[in-house]
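Below is upload-v7.cif, which holds mmCIF, C-alpha atoms; chains and numbers go by the auth columns.
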data_protein
loop_
_atom_site.group_PDB
_atom_site.id
_atom_site.type_symbol
_atom_site.label_atom_id
_atom_site.label_comp_id
_atom_site.label_asym_id
_atom_site.label_seq_id
_atom_site.Cartn_x
_atom_site.Cartn_y
_atom_site.Cartn_z
_atom_site.B_iso_or_equiv
_atom_site.auth_seq_id
_atom_site.auth_asym_id
ATOM 1 C CA MET A 1 131.349 73.277 82.829 0.00 513 E
ATOM 2 C CA ALA A 2 129.873 74.474 86.126 0.00 514 E
ATOM 3 C CA THR A 3 128.070 77.770 86.187 0.00 515 E
ATOM 4 C CA GLU A 4 128.243 80.167 89.086 0.00 516 E
ATOM 5 C CA ARG A 5 125.144 80.132 91.267 0.00 517 E
ATOM 6 C CA THR A 6 123.245 83.402 91.359 0.00 518 E
ATOM 7 C CA ASP A 7 120.478 83.639 93.926 0.00 519 E
ATOM 8 C CA PRO A 8 117.663 86.165 93.627 0.00 520 E
ATOM 9 C CA TYR A 9 117.867 89.268 95.793 0.00 521 E
ATOM 10 C CA LYS A 10 115.753 89.518 98.912 0.00 522 E
ATOM 11 C CA ASN A 11 112.924 92.051 98.877 0.00 523 E
ATOM 12 C CA PHE A 12 113.499 93.280 102.449 0.00 524 E
ATOM 13 C CA ARG A 13 117.028 94.611 101.886 0.00 525 E
ATOM 14 C CA PHE A 14 116.587 98.023 100.301 0.00 526 E
ATOM 15 C CA ARG A 15 116.970 101.714 100.892 0.00 527 E
ATOM 16 C CA ILE A 16 115.489 104.862 99.391 0.00 528 E
ATOM 17 C CA GLU A 17 117.492 107.970 98.548 0.00 529 E
ATOM 18 C CA ILE A 18 115.524 111.183 98.131 0.00 530 E
ATOM 19 C CA GLN A 19 117.455 114.187 96.876 0.00 531 E
ATOM 20 C CA GLY A 20 117.941 116.646 99.690 0.00 532 E
ATOM 21 C CA ILE A 21 115.992 114.646 102.301 0.00 533 E
ATOM 22 C CA LEU A 22 117.651 112.379 104.847 0.00 534 E
ATOM 23 C CA VAL A 23 115.006 109.870 105.859 0.00 535 E
ATOM 24 C CA ALA A 24 114.782 106.852 108.109 0.00 536 E
ATOM 25 C CA ALA A 25 114.369 103.400 106.638 0.00 537 E
ATOM 26 C CA PHE A 26 111.134 102.558 104.880 0.00 538 E
ATOM 27 C CA SER A 27 109.260 99.385 105.743 0.00 539 E
ATOM 28 C CA ASN A 28 107.688 99.078 102.295 0.00 540 E
ATOM 29 C CA ALA A 29 108.329 100.460 98.819 0.00 541 E
ATOM 30 C CA THR A 30 106.321 99.623 95.717 0.00 542 E
ATOM 31 C CA ILE A 31 108.431 100.147 92.608 0.00 543 E
ATOM 32 C CA PRO A 32 106.351 101.780 89.862 0.00 544 E
ATOM 33 C CA ASP A 33 105.145 99.609 87.005 0.00 545 E
ATOM 34 C CA GLU A 34 105.920 100.499 83.415 0.00 546 E
ATOM 35 C CA SER A 35 103.420 99.799 80.664 0.00 547 E
ATOM 36 C CA MET A 36 102.503 100.617 77.103 0.00 548 E
ATOM 37 C CA ASP A 37 99.060 100.400 75.534 0.00 549 E
ATOM 38 C CA ALA A 38 98.481 98.549 72.286 0.00 550 E
ATOM 39 C CA VAL A 39 96.645 100.887 69.919 0.00 551 E
ATOM 40 C CA ASP A 40 94.346 99.583 67.185 0.00 552 E
ATOM 41 C CA TYR A 41 95.045 101.126 63.786 0.00 553 E
ATOM 42 C CA ARG A 42 93.260 100.572 60.506 0.00 554 E
ATOM 43 C CA GLU A 43 94.038 102.151 57.172 0.00 555 E
ATOM 44 C CA GLY A 44 91.098 103.008 54.921 0.00 556 E
ATOM 45 C CA THR A 45 90.830 99.811 52.867 0.00 557 E
ATOM 46 C CA ASP A 46 92.304 97.297 55.329 0.00 558 E
ATOM 47 C CA PRO A 47 89.834 94.569 56.301 0.00 559 E
ATOM 48 C CA TYR A 48 91.438 94.237 59.750 0.00 560 E
ATOM 49 C CA THR A 49 93.137 96.356 62.367 0.00 561 E
ATOM 50 C CA ARG A 50 96.804 96.292 63.266 0.00 562 E
ATOM 51 C CA LYS A 51 98.324 96.768 66.686 0.00 563 E
ATOM 52 C CA LEU A 52 100.728 99.655 67.144 0.00 564 E
ATOM 53 C CA SER A 53 102.572 100.617 70.301 0.00 565 E
ATOM 54 C CA GLY A 54 101.113 103.517 72.241 0.00 566 E
ATOM 55 C CA MET A 55 102.752 105.932 74.624 0.00 567 E
ATOM 56 C CA PRO A 56 104.764 104.393 77.465 0.00 568 E
ATOM 57 C CA LYS A 57 103.417 105.064 80.959 0.00 569 E
ATOM 58 C CA VAL A 58 104.869 104.753 84.418 0.00 570 E
ATOM 59 C CA GLY A 59 102.945 104.173 87.659 0.00 571 E
ATOM 60 C CA THR A 60 103.476 105.713 91.086 0.00 572 E
ATOM 61 C CA LEU A 61 106.045 104.999 93.784 0.00 573 E
ATOM 62 C CA THR A 62 104.465 104.155 97.140 0.00 574 E
ATOM 63 C CA LEU A 63 106.560 104.464 100.298 0.00 575 E
ATOM 64 C CA LYS A 64 105.620 103.421 103.830 0.00 576 E
ATOM 65 C CA ARG A 65 107.487 103.962 107.073 0.00 577 E
ATOM 66 C CA GLY A 66 106.897 104.312 110.777 0.00 578 E
ATOM 67 C CA ILE A 67 106.127 107.886 111.796 0.00 579 E
ATOM 68 C CA SER A 68 108.872 109.520 113.851 0.00 580 E
ATOM 69 C CA SER A 69 109.613 113.087 114.892 0.00 581 E
ATOM 70 C CA SER A 70 111.105 113.793 111.446 0.00 582 E
ATOM 71 C CA GLN A 71 108.842 116.019 109.344 0.00 583 E
ATOM 72 C CA GLU A 72 110.925 116.260 106.176 0.00 584 E
ATOM 73 C CA LEU A 73 108.626 114.082 104.053 0.00 585 E
ATOM 74 C CA TYR A 74 105.545 115.832 105.382 0.00 586 E
ATOM 75 C CA GLU A 75 107.090 119.274 104.699 0.00 587 E
ATOM 76 C CA TRP A 76 107.781 118.172 101.109 0.00 588 E
ATOM 77 C CA TRP A 77 104.104 117.194 100.801 0.00 589 E
ATOM 78 C CA ARG A 78 103.016 120.576 102.282 0.00 590 E
ATOM 79 C CA LEU A 79 105.243 122.472 99.830 0.00 591 E
ATOM 80 C CA VAL A 80 103.852 120.647 96.790 0.00 592 E
ATOM 81 C CA SER A 81 100.230 120.760 97.986 0.00 593 E
ATOM 82 C CA ALA A 82 100.476 124.525 98.582 0.00 594 E
ATOM 83 C CA LEU A 83 102.596 125.651 95.628 0.00 595 E
ATOM 84 C CA GLY A 84 102.445 122.778 93.130 0.00 596 E
ATOM 85 C CA ALA A 85 105.078 120.369 91.856 0.00 597 E
ATOM 86 C CA GLY A 86 106.701 123.193 89.867 0.00 598 E
ATOM 87 C CA ALA A 87 107.718 125.061 93.031 0.00 599 E
ATOM 88 C CA PRO A 88 111.456 125.205 93.791 0.00 600 E
ATOM 89 C CA GLY A 89 112.219 121.940 95.581 0.00 601 E
ATOM 90 C CA GLY A 90 108.874 120.473 94.543 0.00 602 E
ATOM 91 C CA ARG A 91 110.354 117.829 92.264 0.00 603 E
ATOM 92 C CA LYS A 92 113.193 115.621 93.413 0.00 604 E
ATOM 93 C CA ASN A 93 115.183 112.693 92.100 0.00 605 E
ATOM 94 C CA VAL A 94 114.681 109.434 93.978 0.00 606 E
ATOM 95 C CA SER A 95 116.567 106.135 93.880 0.00 607 E
ATOM 96 C CA VAL A 96 115.363 102.721 95.033 0.00 608 E
ATOM 97 C CA ILE A 97 118.378 100.553 95.846 0.00 609 E
ATOM 98 C CA VAL A 98 118.328 96.804 96.550 0.00 610 E
ATOM 99 C CA VAL A 99 121.207 95.550 98.692 0.00 611 E
ATOM 100 C CA ASP A 100 122.754 92.065 98.347 0.00 612 E
ATOM 101 C CA ASP A 101 123.600 89.671 101.214 0.00 613 E
ATOM 102 C CA ALA A 102 127.070 91.209 101.578 0.00 614 E
ATOM 103 C CA GLY A 103 125.608 94.706 102.020 0.00 615 E
ATOM 104 C CA ASN A 104 126.624 95.968 98.571 0.00 616 E
ATOM 105 C CA ASP A 105 124.339 97.843 96.204 0.00 617 E
ATOM 106 C CA ALA A 106 122.960 95.254 93.770 0.00 618 E
ATOM 107 C CA LEU A 107 120.036 96.830 91.891 0.00 619 E
ATOM 108 C CA ARG A 108 119.077 100.446 91.411 0.00 620 E
ATOM 109 C CA TRP A 109 116.107 102.246 89.922 0.00 621 E
ATOM 110 C CA ASP A 110 116.564 105.979 89.318 0.00 622 E
ATOM 111 C CA LEU A 111 113.338 107.988 89.238 0.00 623 E
ATOM 112 C CA ALA A 112 113.404 111.513 87.843 0.00 624 E
ATOM 113 C CA ASN A 113 111.213 114.520 88.648 0.00 625 E
ATOM 114 C CA VAL A 114 109.319 112.892 91.508 0.00 626 E
ATOM 115 C CA TRP A 115 106.716 114.700 93.617 0.00 627 E
ATOM 116 C CA PRO A 116 104.194 113.632 96.274 0.00 628 E
ATOM 117 C CA THR A 117 100.573 113.215 95.165 0.00 629 E
ATOM 118 C CA LYS A 118 99.152 111.707 98.354 0.00 630 E
ATOM 119 C CA TYR A 119 100.060 111.668 102.041 0.00 631 E
ATOM 120 C CA GLN A 120 98.394 109.506 104.667 0.00 632 E
ATOM 121 C CA ALA A 121 99.345 109.664 108.349 0.00 633 E
ATOM 122 C CA GLY A 122 97.959 106.217 109.165 0.00 634 E
ATOM 123 C CA ASP A 123 95.221 104.784 111.341 0.00 635 E
ATOM 124 C CA LEU A 124 95.074 105.163 115.102 0.00 636 E
ATOM 125 C CA ASP A 125 93.751 102.226 117.115 0.00 637 E
ATOM 126 C CA ALA A 126 93.731 102.197 120.940 0.00 638 E
ATOM 127 C CA LYS A 127 93.358 98.381 120.925 0.00 639 E
ATOM 128 C CA SER A 128 96.521 97.786 118.904 0.00 640 E
ATOM 129 C CA SER A 129 100.245 97.948 119.603 0.00 641 E
ATOM 130 C CA ASP A 130 101.253 98.332 115.943 0.00 642 E
ATOM 131 C CA VAL A 131 103.577 101.073 114.748 0.00 643 E
ATOM 132 C CA LEU A 132 101.884 104.146 113.262 0.00 644 E
ATOM 133 C CA ILE A 133 102.690 104.041 109.515 0.00 645 E
ATOM 134 C CA GLU A 134 102.789 107.046 107.194 0.00 646 E
ATOM 135 C CA THR A 135 102.284 106.479 103.472 0.00 647 E
ATOM 136 C CA MET A 136 103.285 108.677 100.536 0.00 648 E
ATOM 137 C CA GLU A 137 102.399 108.168 96.909 0.00 649 E
ATOM 138 C CA LEU A 138 104.797 109.799 94.487 0.00 650 E
ATOM 139 C CA ALA A 139 104.265 110.623 90.821 0.00 651 E
ATOM 140 C CA LEU A 140 107.260 110.602 88.512 0.00 652 E
ATOM 141 C CA GLU A 141 108.206 111.354 84.958 0.00 653 E
ATOM 142 C CA THR A 142 110.738 108.638 84.176 0.00 654 E
ATOM 143 C CA ILE A 143 112.174 105.477 85.709 0.00 655 E
ATOM 144 C CA LYS A 144 115.388 103.756 84.689 0.00 656 E
ATOM 145 C CA ARG A 145 116.849 100.544 86.028 0.00 657 E
ATOM 146 C CA ALA A 146 120.515 101.424 86.377 0.00 658 E
ATOM 147 C CA ARG A 147 121.765 97.942 87.349 0.00 659 E
#
Could you render the structure as structure tokens?
Amino acid sequence: MATERTDPYKNFRFRIEIQGILVAAFSNATIPDESMDAVDYREGTDPYTRKLSGMPKVGTLTLKRGISSSQELYEWWRLVSALGAGAPGGRKNVSVIVVDDAGNDALRWDLANVWPTKYQAGDLDAKSSDVLIETMELALETIKRAR
């Protein structure tokens, strides 16, 4: 019996949705890693330690794009840096969506309670013709792969 061929998705076909912010395409997005520490545990008379699962952790989302006249991402950074992530509009929901060859949504990661922790405008170089890239690092509380 023949099985249907399923090719892996391409890493350059994606888009980012940020609640309340319409943004241009990003050139790079690093999906946060998820991890859990192994914790050593030993009861009083045990001659050895056992491994127990620790608290789950999630990394940061890093986004890069060419700087344009749009200041929406920078204004979000200014809001959070001035008033904290608890300010109204400080935390947003973000989705990272991978698109298949036909242009349909194929994979989706939903990130909840996201806020910027670092903003970098990029490096200027008079000897280069590269695009000026802005970078944002975003902290988050939870990540869920929806598809």
- Note on the structure: With distances taken over only C-alpha atoms, the candidate from E:Thr572, E:Asn605, E:Gln531, E:Thr654 nearest E:Glu584 is E:Gln531
- Query: How far is it from atom CA of E:Thr629 to atom CA of E:Glu529, in Å with one decimal?
  - Reply: 18.0 Å
- Quick one: apply the PyMOL selection byres ((chain E and resi 590-596) around 12) to the file and drop the selected residues here as a list in words.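 Expected selection for the PyMOL selection byres ((chain E and resi 590-596) around 12) here is Gln583, Glu584, Leu585, Tyr586, Glu587, Trp588, Trp589, Ala597, Gly598, Ala599, Pro600, Gly601, Gly602, Arg603, Lys604, Val626, Trp627, Pro628, Thr629, Lys630, Tyr631, Leu650 and Ala651 of chain E.
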Write the residues of the preceding selection, restricted to C-alpha atoms, as an mmCIF file, in the frame of the given file.
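Dumped to result_16.cif:
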data_model
loop_
_atom_site.group_PDB
_atom_site.id
_atom_site.type_symbol
_atom_site.label_atom_id
_atom_site.label_comp_id
_atom_site.auth_asym_id
_atom_site.auth_seq_id
_atom_site.Cartn_x
_atom_site.Cartn_y
_atom_site.Cartn_z
ATOM 1 C CA GLN E 583 108.842 116.019 109.344
ATOM 2 C CA GLU E 584 110.925 116.260 106.176
ATOM 3 C CA LEU E 585 108.626 114.082 104.053
ATOM 4 C CA TYR E 586 105.545 115.832 105.382
ATOM 5 C CA GLU E 587 107.090 119.274 104.699
ATOM 6 C CA TRP E 588 107.781 118.172 101.109
ATOM 7 C CA TRP E 589 104.104 117.194 100.801
ATOM 8 C CA ALA E 597 105.078 120.369 91.856
ATOM 9 C CA GLY E 598 106.701 123.193 89.867
ATOM 10 C CA ALA E 599 107.718 125.061 93.031
ATOM 11 C CA PRO E 600 111.456 125.205 93.791
ATOM 12 C CA GLY E 601 112.219 121.940 95.581
ATOM 13 C CA GLY E 602 108.874 120.473 94.543
ATOM 14 C CA ARG E 603 110.354 117.829 92.264
ATOM 15 C CA LYS E 604 113.193 115.621 93.413
ATOM 16 C CA VAL E 626 109.319 112.892 91.508
ATOM 17 C CA TRP E 627 106.716 114.700 93.617
ATOM 18 C CA PRO E 628 104.194 113.632 96.274
ATOM 19 C CA THR E 629 100.573 113.215 95.165
ATOM 20 C CA LYS E 630 99.152 111.707 98.354
ATOM 21 C CA TYR E 631 100.060 111.668 102.041
ATOM 22 C CA LEU E 650 104.797 109.799 94.487
ATOM 23 C CA ALA E 651 104.265 110.623 90.821
#
Grab all the atoms of stretch 620-633 of chain E that the file lists, wrap them in a box along x, y and z, add 6 Å per side, and give me centre plus edge lengths in Å (one decimal) as JSON.
{"center_x": 108.7, "center_y": 107.6, "center_z": 98.1, "size_x": 32.7, "size_y": 26.3, "size_z": 32.5}
- Task: List every protein, DNA or RNA residue that has an atom no more than 9 Å from (105.5, 106.0, 75.7) in the file's coordinate frame, counting all atoms listed in the file, and report them as an MDAnalysis selection string.
- Result: chainID E and resid 547:549 565:570
- Task: Could you tell me which residues the PyMOL selection byres ((chain E and resi 562) around 9) grabs in this file, written as a list in words?
- Result: Val551, Asp552, Tyr553, Arg554, Glu555, Tyr560, Thr561, Lys563 and Leu564 of chain E
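Distance cut-off 8 Å, centre (120.4, 101.8, 96.1), atoms counted all atoms listed in the file; the residues meeting this are Phe526, Arg527, Ile528, Glu529, Ser607, Val608, Ile609, Val610, Val611, Asp617, Ala618, Leu619, Arg620 and Trp621 of chain E.
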- Task: Have a look at atom CA of E:Ile645 and atom CA of E:Ala537 and let me know their distance in Å, one decimal.
- Result: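 Spanning atom CA of E:Ile645 to atom CA of E:Ala537 is a straight-line distance of 12.0 Å.
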- Message: Would you compute the distance between atom CA of E:Lys656 and atom CA of E:Phe538? Give it in Å to one decimal.
- Response: 20.7 Å
- Query: Using all atoms listed in the file, which of the listed residues (E:Thr574, E:Gly634, E:Ser641, E:Arg525) sits closest to E:Asn616?
  - Reply: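 Result for the nearest residue to E:Asn616: E:Arg525.
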- Message: Ranking E:Tyr521, E:Pro544, E:Thr557, E:Ile579 by minimum distance to E:Asp642 and counting all atoms listed in the file, which one comes first?
- Response: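 Counting all atoms listed in the file, the residue closest to E:Asp642 is E:Ile579.
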- For the structure shown, which residues end up in the PyMOL selection byres ((chain E and resi 653) around 6)? Put them as a list in words, please? Ala624, Asn625, Leu652 and Thr654 of chain E
- Task: Using all atoms listed in the file, find the one residue out of E:Ile655, E:Thr647, E:Ile530, E:Glu546 that sits nearest to E:Asp635.
- Result: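 Looking only at the distances to E:Asp635, the closest residue turns out to be E:Thr647.
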- Measuring atom to atom with all atoms listed in the file, identify which of E:Leu636, E:Ser581, E:Asp558, E:Glu646 is nearest to E:Ser539.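 The shortest atom-to-atom distance to E:Ser539 comes from E:Glu646.
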